[in-house]
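**Q** Handing over data.pdb, PDB, C-alpha atoms, pLDDT in the B column.
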```pdb
ATOM      1  CA  MET A   1       8.236 163.930 140.071  1.00 52.00           C
ATOM      2  CA  ALA A   2       6.423 161.335 142.167  1.00 71.00           C
ATOM      3  CA  LYS A   3       8.477 158.847 144.147  1.00 71.00           C
ATOM      4  CA  ARG A   4       7.124 155.933 142.076  1.00 71.00           C
ATOM      5  CA  GLN A   5       8.188 157.610 138.824  1.00 77.00           C
ATOM      6  CA  VAL A   6      11.687 158.162 140.170  1.00 77.00           C
ATOM      7  CA  LEU A   7      11.842 154.514 141.193  1.00 77.00           C
ATOM      8  CA  MET A   8      10.647 153.330 137.777  1.00 81.00           C
ATOM      9  CA  LYS A   9      13.236 155.499 136.033  1.00 86.00           C
ATOM     10  CA  GLY A  10      15.895 154.024 138.296  1.00 88.00           C
ATOM     11  CA  TYR A  11      14.860 150.507 137.342  1.00 92.00           C
ATOM     12  CA  SER A  12      14.818 151.284 133.601  1.00 93.00           C
ATOM     13  CA  ARG A  13      18.180 153.076 133.876  1.00 94.00           C
ATOM     14  CA  THR A  14      19.752 150.034 135.562  1.00 96.00           C
ATOM     15  CA  GLY A  15      18.202 147.753 132.950  1.00 96.00           C
ATOM     16  CA  GLY A  16      19.566 149.981 130.194  1.00 96.00           C
ATOM     17  CA  ILE A  17      23.074 150.015 131.645  1.00 96.00           C
ATOM     18  CA  LEU A  18      23.043 146.212 131.844  1.00 97.00           C
ATOM     19  CA  MET A  19      21.810 145.929 128.245  1.00 97.00           C
ATOM     20  CA  LEU A  20      24.435 148.353 126.965  1.00 97.00           C
ATOM     21  CA  THR A  21      27.191 146.601 128.913  1.00 97.00           C
ATOM     22  CA  ALA A  22      26.071 143.200 127.603  1.00 97.00           C
ATOM     23  CA  ALA A  23      26.086 144.444 123.988  1.00 97.00           C
ATOM     24  CA  ILE A  24      29.502 146.115 124.212  1.00 97.00           C
ATOM     25  CA  GLY A  25      30.977 143.156 126.095  1.00 97.00           C
ATOM     26  CA  ILE A  26      29.886 140.532 123.575  1.00 97.00           C
ATOM     27  CA  LEU A  27      30.898 142.755 120.648  1.00 97.00           C
ATOM     28  CA  LEU A  28      34.451 143.209 121.956  1.00 97.00           C
ATOM     29  CA  SER A  29      34.735 139.520 122.859  1.00 97.00           C
ATOM     30  CA  VAL A  30      33.614 138.374 119.399  1.00 97.00           C
ATOM     31  CA  LEU A  31      35.980 140.806 117.666  1.00 97.00           C
ATOM     32  CA  LEU A  32      38.867 139.577 119.834  1.00 97.00           C
ATOM     33  CA  ALA A  33      38.001 135.922 119.212  1.00 97.00           C
ATOM     34  CA  GLN A  34      37.687 136.506 115.450  1.00 97.00           C
ATOM     35  CA  HIS A  35      41.125 138.099 115.460  1.00 96.00           C
ATOM     36  CA  MET A  36      42.622 135.105 117.307  1.00 96.00           C
ATOM     37  CA  TYR A  37      40.812 132.397 115.314  1.00 96.00           C
ATOM     38  CA  PRO A  38      43.084 130.930 112.581  1.00 93.00           C
ATOM     39  CA  ASP A  39      42.102 132.277 109.131  1.00 93.00           C
ATOM     40  CA  TYR A  40      38.653 133.427 110.290  1.00 95.00           C
ATOM     41  CA  SER A  41      36.457 134.491 107.354  1.00 94.00           C
ATOM     42  CA  LEU A  42      33.477 136.791 107.867  1.00 93.00           C
ATOM     43  CA  SER A  43      31.719 135.245 104.875  1.00 91.00           C
ATOM     44  CA  SER A  44      32.582 131.567 105.359  1.00 91.00           C
ATOM     45  CA  ASN A  45      32.804 131.061 109.126  1.00 94.00           C
ATOM     46  CA  TYR A  46      29.846 131.119 111.476  1.00 94.00           C
ATOM     47  CA  ILE A  47      30.174 133.140 114.677  1.00 96.00           C
ATOM     48  CA  SER A  48      29.599 129.879 116.535  1.00 95.00           C
ATOM     49  CA  ASP A  49      32.865 128.524 115.109  1.00 96.00           C
ATOM     50  CA  LEU A  50      34.452 130.670 117.814  1.00 97.00           C
ATOM     51  CA  SER A  51      32.898 128.401 120.477  1.00 96.00           C
ATOM     52  CA  ILE A  52      35.403 125.621 119.768  1.00 95.00           C
ATOM     53  CA  GLY A  53      39.180 125.446 119.640  1.00 94.00           C
ATOM     54  CA  SER A  54      41.546 128.112 120.914  1.00 94.00           C
ATOM     55  CA  THR A  55      38.873 130.832 121.126  1.00 97.00           C
ATOM     56  CA  ALA A  56      36.343 128.730 123.042  1.00 97.00           C
ATOM     57  CA  ILE A  57      37.152 130.121 126.496  1.00 97.00           C
ATOM     58  CA  ILE A  58      36.735 133.711 125.294  1.00 97.00           C
ATOM     59  CA  PHE A  59      33.558 133.205 123.294  1.00 97.00           C
ATOM     60  CA  ASN A  60      31.740 130.812 125.621  1.00 97.00           C
ATOM     61  CA  THR A  61      32.511 132.800 128.772  1.00 98.00           C
ATOM     62  CA  ALA A  62      31.457 136.026 127.046  1.00 97.00           C
ATOM     63  CA  MET A  63      28.171 134.450 125.906  1.00 98.00           C
ATOM     64  CA  GLU A  64      27.404 133.231 129.414  1.00 98.00           C
ATOM     65  CA  LEU A  65      28.047 136.707 130.846  1.00 98.00           C
ATOM     66  CA  PHE A  66      26.015 138.268 128.028  1.00 98.00           C
ATOM     67  CA  GLY A  67      23.101 135.989 128.872  1.00 98.00           C
ATOM     68  CA  LEU A  68      23.306 136.718 132.592  1.00 98.00           C
ATOM     69  CA  MET A  69      23.371 140.479 131.996  1.00 98.00           C
ATOM     70  CA  LEU A  70      20.338 140.310 129.703  1.00 98.00           C
ATOM     71  CA  MET A  71      18.477 138.263 132.297  1.00 98.00           C
ATOM     72  CA  ALA A  72      19.338 140.867 134.935  1.00 98.00           C
ATOM     73  CA  SER A  73      18.282 143.634 132.541  1.00 98.00           C
ATOM     74  CA  SER A  74      14.947 141.869 131.988  1.00 97.00           C
ATOM     75  CA  TYR A  75      14.336 141.855 135.755  1.00 97.00           C
ATOM     76  CA  PHE A  76      14.817 145.614 136.043  1.00 97.00           C
ATOM     77  CA  MET A  77      12.806 146.314 132.890  1.00 96.00           C
ATOM     78  CA  HIS A  78       9.983 144.216 134.329  1.00 95.00           C
ATOM     79  CA  LYS A  79      10.162 146.233 137.561  1.00 95.00           C
ATOM     80  CA  ALA A  80      10.015 149.397 135.439  1.00 93.00           C
ATOM     81  CA  GLY A  81       6.756 148.233 133.868  1.00 91.00           C
ATOM     82  CA  TYR A  82       7.970 146.938 130.503  1.00 93.00           C
ATOM     83  CA  LEU A  83       6.224 143.566 130.739  1.00 93.00           C
ATOM     84  CA  TYR A  84       6.373 142.142 127.200  1.00 94.00           C
ATOM     85  CA  PRO A  85       9.823 143.506 126.349  1.00 94.00           C
ATOM     86  CA  SER A  86      11.156 142.107 129.624  1.00 96.00           C
ATOM     87  CA  ILE A  87       9.849 138.631 128.778  1.00 97.00           C
ATOM     88  CA  ALA A  88      11.600 138.801 125.397  1.00 97.00           C
ATOM     89  CA  LEU A  89      14.815 140.000 127.068  1.00 97.00           C
ATOM     90  CA  LEU A  90      14.630 137.132 129.561  1.00 98.00           C
ATOM     91  CA  ALA A  91      14.285 134.608 126.719  1.00 98.00           C
ATOM     92  CA  ALA A  92      17.207 136.255 124.880  1.00 98.00           C
ATOM     93  CA  GLY A  93      19.308 136.052 128.029  1.00 98.00           C
ATOM     94  CA  VAL A  94      18.516 132.380 128.568  1.00 98.00           C
ATOM     95  CA  GLY A  95      19.291 131.663 124.904  1.00 98.00           C
ATOM     96  CA  GLY A  96      22.567 133.576 125.080  1.00 97.00           C
ATOM     97  CA  PHE A  97      23.635 131.830 128.271  1.00 98.00           C
ATOM     98  CA  CYS A  98      22.846 128.437 126.751  1.00 98.00           C
ATOM     99  CA  ILE A  99      24.936 129.281 123.661  1.00 97.00           C
ATOM    100  CA  GLY A 100      27.887 129.547 126.031  1.00 97.00           C
ATOM    101  CA  ILE A 101      26.989 126.268 127.742  1.00 97.00           C
ATOM    102  CA  PHE A 102      26.326 124.355 124.526  1.00 97.00           C
ATOM    103  CA  PRO A 103      29.066 125.102 121.941  1.00 96.00           C
ATOM    104  CA  GLU A 104      28.756 124.424 118.233  1.00 95.00           C
ATOM    105  CA  THR A 105      29.678 120.764 118.768  1.00 95.00           C
ATOM    106  CA  ALA A 106      26.483 120.303 120.842  1.00 96.00           C
ATOM    107  CA  GLY A 107      24.493 120.317 117.597  1.00 93.00           C
ATOM    108  CA  THR A 108      20.750 120.753 118.090  1.00 94.00           C
ATOM    109  CA  LEU A 109      21.082 122.251 121.577  1.00 97.00           C
ATOM    110  CA  HIS A 110      23.396 124.932 120.259  1.00 96.00           C
ATOM    111  CA  ILE A 111      21.201 125.705 117.240  1.00 95.00           C
ATOM    112  CA  ALA A 112      18.077 125.912 119.421  1.00 96.00           C
ATOM    113  CA  SER A 113      19.848 128.221 121.883  1.00 97.00           C
ATOM    114  CA  ALA A 114      20.985 130.528 119.079  1.00 96.00           C
ATOM    115  CA  ALA A 115      17.519 130.559 117.515  1.00 96.00           C
ATOM    116  CA  VAL A 116      15.959 131.536 120.852  1.00 97.00           C
ATOM    117  CA  ALA A 117      18.551 134.259 121.465  1.00 97.00           C
ATOM    118  CA  PHE A 118      18.325 135.817 117.991  1.00 97.00           C
ATOM    119  CA  GLY A 119      14.545 135.512 117.804  1.00 97.00           C
ATOM    120  CA  ALA A 120      13.953 136.905 121.283  1.00 98.00           C
ATOM    121  CA  VAL A 121      16.175 139.953 120.733  1.00 97.00           C
ATOM    122  CA  ALA A 122      14.193 140.676 117.560  1.00 97.00           C
ATOM    123  CA  MET A 123      10.936 140.425 119.522  1.00 97.00           C
ATOM    124  CA  ALA A 124      12.330 142.658 122.273  1.00 97.00           C
ATOM    125  CA  SER A 125      13.205 145.226 119.608  1.00 97.00           C
ATOM    126  CA  ILE A 126       9.670 145.204 118.239  1.00 96.00           C
ATOM    127  CA  SER A 127       8.121 145.239 121.728  1.00 95.00           C
ATOM    128  CA  PHE A 128      10.232 148.165 122.937  1.00 94.00           C
ATOM    129  CA  SER A 129       9.350 150.222 119.843  1.00 93.00           C
ATOM    130  CA  ARG A 130       6.057 151.170 121.516  1.00 88.00           C
ATOM    131  CA  SER A 131       7.986 152.793 124.377  1.00 85.00           C
ATOM    132  CA  PHE A 132      10.027 155.221 122.287  1.00 87.00           C
ATOM    133  CA  SER A 133       9.473 158.566 120.636  1.00 85.00           C
ATOM    134  CA  LYS A 134       8.669 158.755 116.923  1.00 85.00           C
ATOM    135  CA  TYR A 135      11.990 158.179 115.129  1.00 91.00           C
ATOM    136  CA  LEU A 136      13.522 155.799 117.673  1.00 92.00           C
ATOM    137  CA  SER A 137      10.263 153.865 117.644  1.00 95.00           C
ATOM    138  CA  TYR A 138      10.491 153.435 113.866  1.00 96.00           C
ATOM    139  CA  TYR A 139      14.135 152.394 114.123  1.00 96.00           C
ATOM    140  CA  SER A 140      13.439 149.838 116.860  1.00 96.00           C
ATOM    141  CA  ALA A 141      10.583 148.251 114.918  1.00 97.00           C
ATOM    142  CA  ALA A 142      12.615 148.229 111.696  1.00 97.00           C
ATOM    143  CA  ALA A 143      15.629 146.661 113.433  1.00 97.00           C
ATOM    144  CA  GLY A 144      13.406 143.915 114.832  1.00 97.00           C
ATOM    145  CA  LEU A 145      11.735 143.211 111.502  1.00 97.00           C
ATOM    146  CA  LEU A 146      15.104 143.151 109.727  1.00 97.00           C
ATOM    147  CA  ALA A 147      16.416 140.703 112.343  1.00 97.00           C
ATOM    148  CA  LEU A 148      13.422 138.388 111.895  1.00 97.00           C
ATOM    149  CA  SER A 149      13.795 138.496 108.095  1.00 96.00           C
ATOM    150  CA  VAL A 150      17.527 137.757 108.175  1.00 95.00           C
ATOM    151  CA  LEU A 151      16.985 135.045 110.807  1.00 95.00           C
ATOM    152  CA  ALA A 152      14.439 133.370 108.515  1.00 94.00           C
ATOM    153  CA  LEU A 153      16.909 133.530 105.609  1.00 92.00           C
ATOM    154  CA  PHE A 154      19.710 132.198 107.814  1.00 90.00           C
ATOM    155  CA  ALA A 155      17.502 129.317 109.015  1.00 90.00           C
ATOM    156  CA  LEU A 156      16.497 128.533 105.422  1.00 88.00           C
ATOM    157  CA  ASN A 157      20.130 128.346 104.351  1.00 84.00           C
ATOM    158  CA  LEU A 158      21.040 126.107 107.297  1.00 80.00           C
ATOM    159  CA  SER A 159      18.119 123.724 106.915  1.00 81.00           C
ATOM    160  CA  THR A 160      18.104 123.355 103.124  1.00 80.00           C
ATOM    161  CA  GLY A 161      21.725 123.995 102.214  1.00 73.00           C
ATOM    162  CA  SER A 162      20.569 126.928 100.104  1.00 71.00           C
ATOM    163  CA  SER A 163      23.192 129.408  98.941  1.00 75.00           C
ATOM    164  CA  MET A 164      20.788 132.377  98.924  1.00 78.00           C
ATOM    165  CA  THR A 165      23.252 134.718 100.623  1.00 79.00           C
ATOM    166  CA  PHE A 166      23.277 137.665  98.166  1.00 82.00           C
ATOM    167  CA  GLY A 167      27.054 137.545  97.979  1.00 80.00           C
ATOM    168  CA  PHE A 168      27.599 137.799 101.745  1.00 85.00           C
ATOM    169  CA  GLY A 169      28.156 134.081 102.325  1.00 88.00           C
ATOM    170  CA  SER A 170      26.465 132.092 105.092  1.00 85.00           C
ATOM    171  CA  GLY A 171      28.722 133.631 107.707  1.00 89.00           C
ATOM    172  CA  GLY A 172      28.051 137.106 106.350  1.00 92.00           C
ATOM    173  CA  ILE A 173      24.288 136.648 106.692  1.00 93.00           C
ATOM    174  CA  GLU A 174      24.767 135.726 110.347  1.00 94.00           C
ATOM    175  CA  GLU A 175      27.049 138.756 110.822  1.00 95.00           C
ATOM    176  CA  ILE A 176      24.292 141.050 109.525  1.00 95.00           C
ATOM    177  CA  LEU A 177      21.853 139.541 112.022  1.00 96.00           C
ATOM    178  CA  PHE A 178      24.380 139.736 114.859  1.00 97.00           C
ATOM    179  CA  TYR A 179      25.330 143.378 114.272  1.00 97.00           C
ATOM    180  CA  ASP A 180      21.765 144.521 113.602  1.00 97.00           C
ATOM    181  CA  GLU A 181      20.744 143.208 117.014  1.00 97.00           C
ATOM    182  CA  LEU A 182      23.857 144.443 118.816  1.00 97.00           C
ATOM    183  CA  ILE A 183      23.469 147.956 117.435  1.00 97.00           C
ATOM    184  CA  TRP A 184      19.814 147.939 118.512  1.00 97.00           C
ATOM    185  CA  ALA A 185      20.738 146.728 122.027  1.00 97.00           C
ATOM    186  CA  SER A 186      23.432 149.402 122.290  1.00 96.00           C
ATOM    187  CA  VAL A 187      21.098 152.202 121.165  1.00 95.00           C
ATOM    188  CA  THR A 188      18.296 151.012 123.446  1.00 96.00           C
ATOM    189  CA  GLY A 189      20.610 150.482 126.393  1.00 95.00           C
ATOM    190  CA  LEU A 190      22.036 153.979 125.904  1.00 94.00           C
ATOM    191  CA  PHE A 191      18.523 155.437 125.657  1.00 93.00           C
ATOM    192  CA  PHE A 192      17.470 153.959 128.989  1.00 93.00           C
ATOM    193  CA  SER A 193      20.858 154.626 130.605  1.00 92.00           C
ATOM    194  CA  ALA A 194      20.358 158.301 129.875  1.00 87.00           C
ATOM    195  CA  ASN A 195      16.959 158.170 131.628  1.00 73.00           C
ATOM    196  CA  ARG A 196      15.126 159.184 128.469  1.00 61.00           C
ATOM    197  CA  ALA A 197      12.128 156.900 129.121  1.00 56.00           C
TER
END
```
Taking this structure as input, can you express it in the form of structure tokens?

**A**
Amino acid sequence: MAKRQVLMKGYSRTGGILMLTAAIGILLSVLLAQHMYPDYSLSSNYISDLSIGSTAIIFNTAMELFGLMLMASSYFMHKAGYLYPSIALLAAGVGGFCIGIFPETAGTLHIASAAVAFGAVAMASISFSRSFSKYLSYYSAAAGLLALSVLALFALNLSTGSSMTFGFGSGGIEEILFYDELIWASVTGLFFSANRA
């Protein structure tokens, strides 16, 4: 294997490890914060409710670290030659970091940060699908399209007060979006960590 190929695999492996670590870290932090939040409801509460009150230090710090790790991952993915996916990862990292800086009480700044983070992860998922083998490629594209669809529904409910939640509740719709993207990031991070690309 040529030296350049080895170097590129090293970059993508580092980027994958950072992505996987970011996904696992934010997942564990959110689960811990949900457990500590008084009477937290998966269907009624938004994930961002964790950014205020007694769980604020856990959630906001975790989001900042999540954002920083995605930004670092985007750097290594860019070095590995994944131009468009790396741009989407960078935007997701910036959005995630800003979620930690601007809690739910920040209003528009928080909503914009969350929209950028969720939307950019979905775009990264679709962009990376071209880099994978057949079945993983289909999964990555499908995960991205599902995320964009659920994000649109979530935005519609927030902006119009619609109750089109299919029995999941507003918080449940956000949970679907959150876990769809975290599972994708975990699978993709693991794929690159194992040097499969």

**Q** Apply the PyMOL selection byres ((chain A and resi 75-78) around 10) to the structure shown and report the selected residues as an NGL selection string.

**A** :A and (8-16 or 18 or 69-74 or 79-87 or 89-90 or 192)

**Q** Which residues come within 9 Å of Leu190 in chain A, counting only C-alpha atoms, excluding same-chain residues fewer than 4 positions away, as number ranges by chain?

**A** A: 13, 16-17, 19-20, 185-186, 194-195

**Q** In terms of the shortest atom-to-atom distance over only C-alpha atoms, which of A:Leu148, A:Val6, A:Ile24, A:Ala106 is closest to Val187 in chain A?

**A** A:Ile24

**Q** Could you spell out the hits of the PyMOL selection byres ((chain A and resi 31-45) around 6) on the shown file, as number ranges by chain?

**A** A: 28-30, 46, 55, 168-169, 171-172

**Q** Padding 4 Å on each side, edges along x, y and z: where is the centre of the box around the listed atoms of range 17-23 of chain A, and how long are its edges in Å to one decimal? Output it as lines of an AutoDock Vina configuration file.

**A**
```
center_x = 24.5
center_y = 146.6
center_z = 127.9
size_x = 13.4
size_y = 14.8
size_z = 15.9
```

**Q** Output the residue selection produced by the PyMOL selection byres ((chain A and resi 59-63) around 10) on the file above, formatted as a compact mmCIF listing (two decimals) with C-alpha atoms, keeping the file's coordinate frame.

**A**
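See result-v4.txt below for the written result:
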```txt
# COMPACT_ATOMS: atom_id res chain seq x y z
CA ALA A 22 26.07 143.20 127.60
CA GLY A 25 30.98 143.16 126.10
CA ILE A 26 29.89 140.53 123.58
CA LEU A 27 30.90 142.76 120.65
CA LEU A 28 34.45 143.21 121.96
CA SER A 29 34.74 139.52 122.86
CA VAL A 30 33.61 138.37 119.40
CA LEU A 31 35.98 140.81 117.67
CA LEU A 32 38.87 139.58 119.83
CA ALA A 33 38.00 135.92 119.21
CA GLN A 34 37.69 136.51 115.45
CA ILE A 47 30.17 133.14 114.68
CA SER A 48 29.60 129.88 116.54
CA ASP A 49 32.86 128.52 115.11
CA LEU A 50 34.45 130.67 117.81
CA SER A 51 32.90 128.40 120.48
CA ILE A 52 35.40 125.62 119.77
CA SER A 54 41.55 128.11 120.91
CA THR A 55 38.87 130.83 121.13
CA ALA A 56 36.34 128.73 123.04
CA ILE A 57 37.15 130.12 126.50
CA ILE A 58 36.74 133.71 125.29
CA GLU A 64 27.40 133.23 129.41
CA LEU A 65 28.05 136.71 130.85
CA PHE A 66 26.02 138.27 128.03
CA GLY A 67 23.10 135.99 128.87
CA LEU A 68 23.31 136.72 132.59
CA MET A 69 23.37 140.48 132.00
CA GLY A 93 19.31 136.05 128.03
CA GLY A 95 19.29 131.66 124.90
CA GLY A 96 22.57 133.58 125.08
CA PHE A 97 23.64 131.83 128.27
CA CYS A 98 22.85 128.44 126.75
CA ILE A 99 24.94 129.28 123.66
CA GLY A 100 27.89 129.55 126.03
CA ILE A 101 26.99 126.27 127.74
CA PHE A 102 26.33 124.36 124.53
CA PRO A 103 29.07 125.10 121.94
```

**Q** Would you mind listing what lies within 10 Å of Val150 in chain A as a count of residues only, with all atoms listed in the file counted and same-chain residues fewer than 6 positions away left out?

**A** 10

**Q** To one decimal place in Å, what is the distance between CA of Ser133 in chain A and CA of Phe191 in chain A?

**A**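 The value is 10.8 Å.
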
**Q** What's the 10 Å shell around Ala88 in chain A, counting only C-alpha atoms, without same-chain residues fewer than 5 positions away, as a PyMOL selection string?

**A** chain A and resi 70-71+74+83+93-94+116-117+119-128

**Q** Work out how far CA of Tyr179 in chain A is from CA of Ala143 in chain A, in Å to one decimal.

**A**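 Here the two named atoms are 10.3 Å from each other.
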
**Q** Suppose you want the space between CA of Leu153 in chain A and CA of Gly167 in chain A; what is it in Å?

**A**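 Those two atoms sit 13.3 Å apart.
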
**Q** When distances are computed from only C-alpha atoms, which of A:Thr21, A:Gln5, A:Thr105, A:Ser170 shows the smallest separation from Gly189 in chain A?

**A** A:Thr21
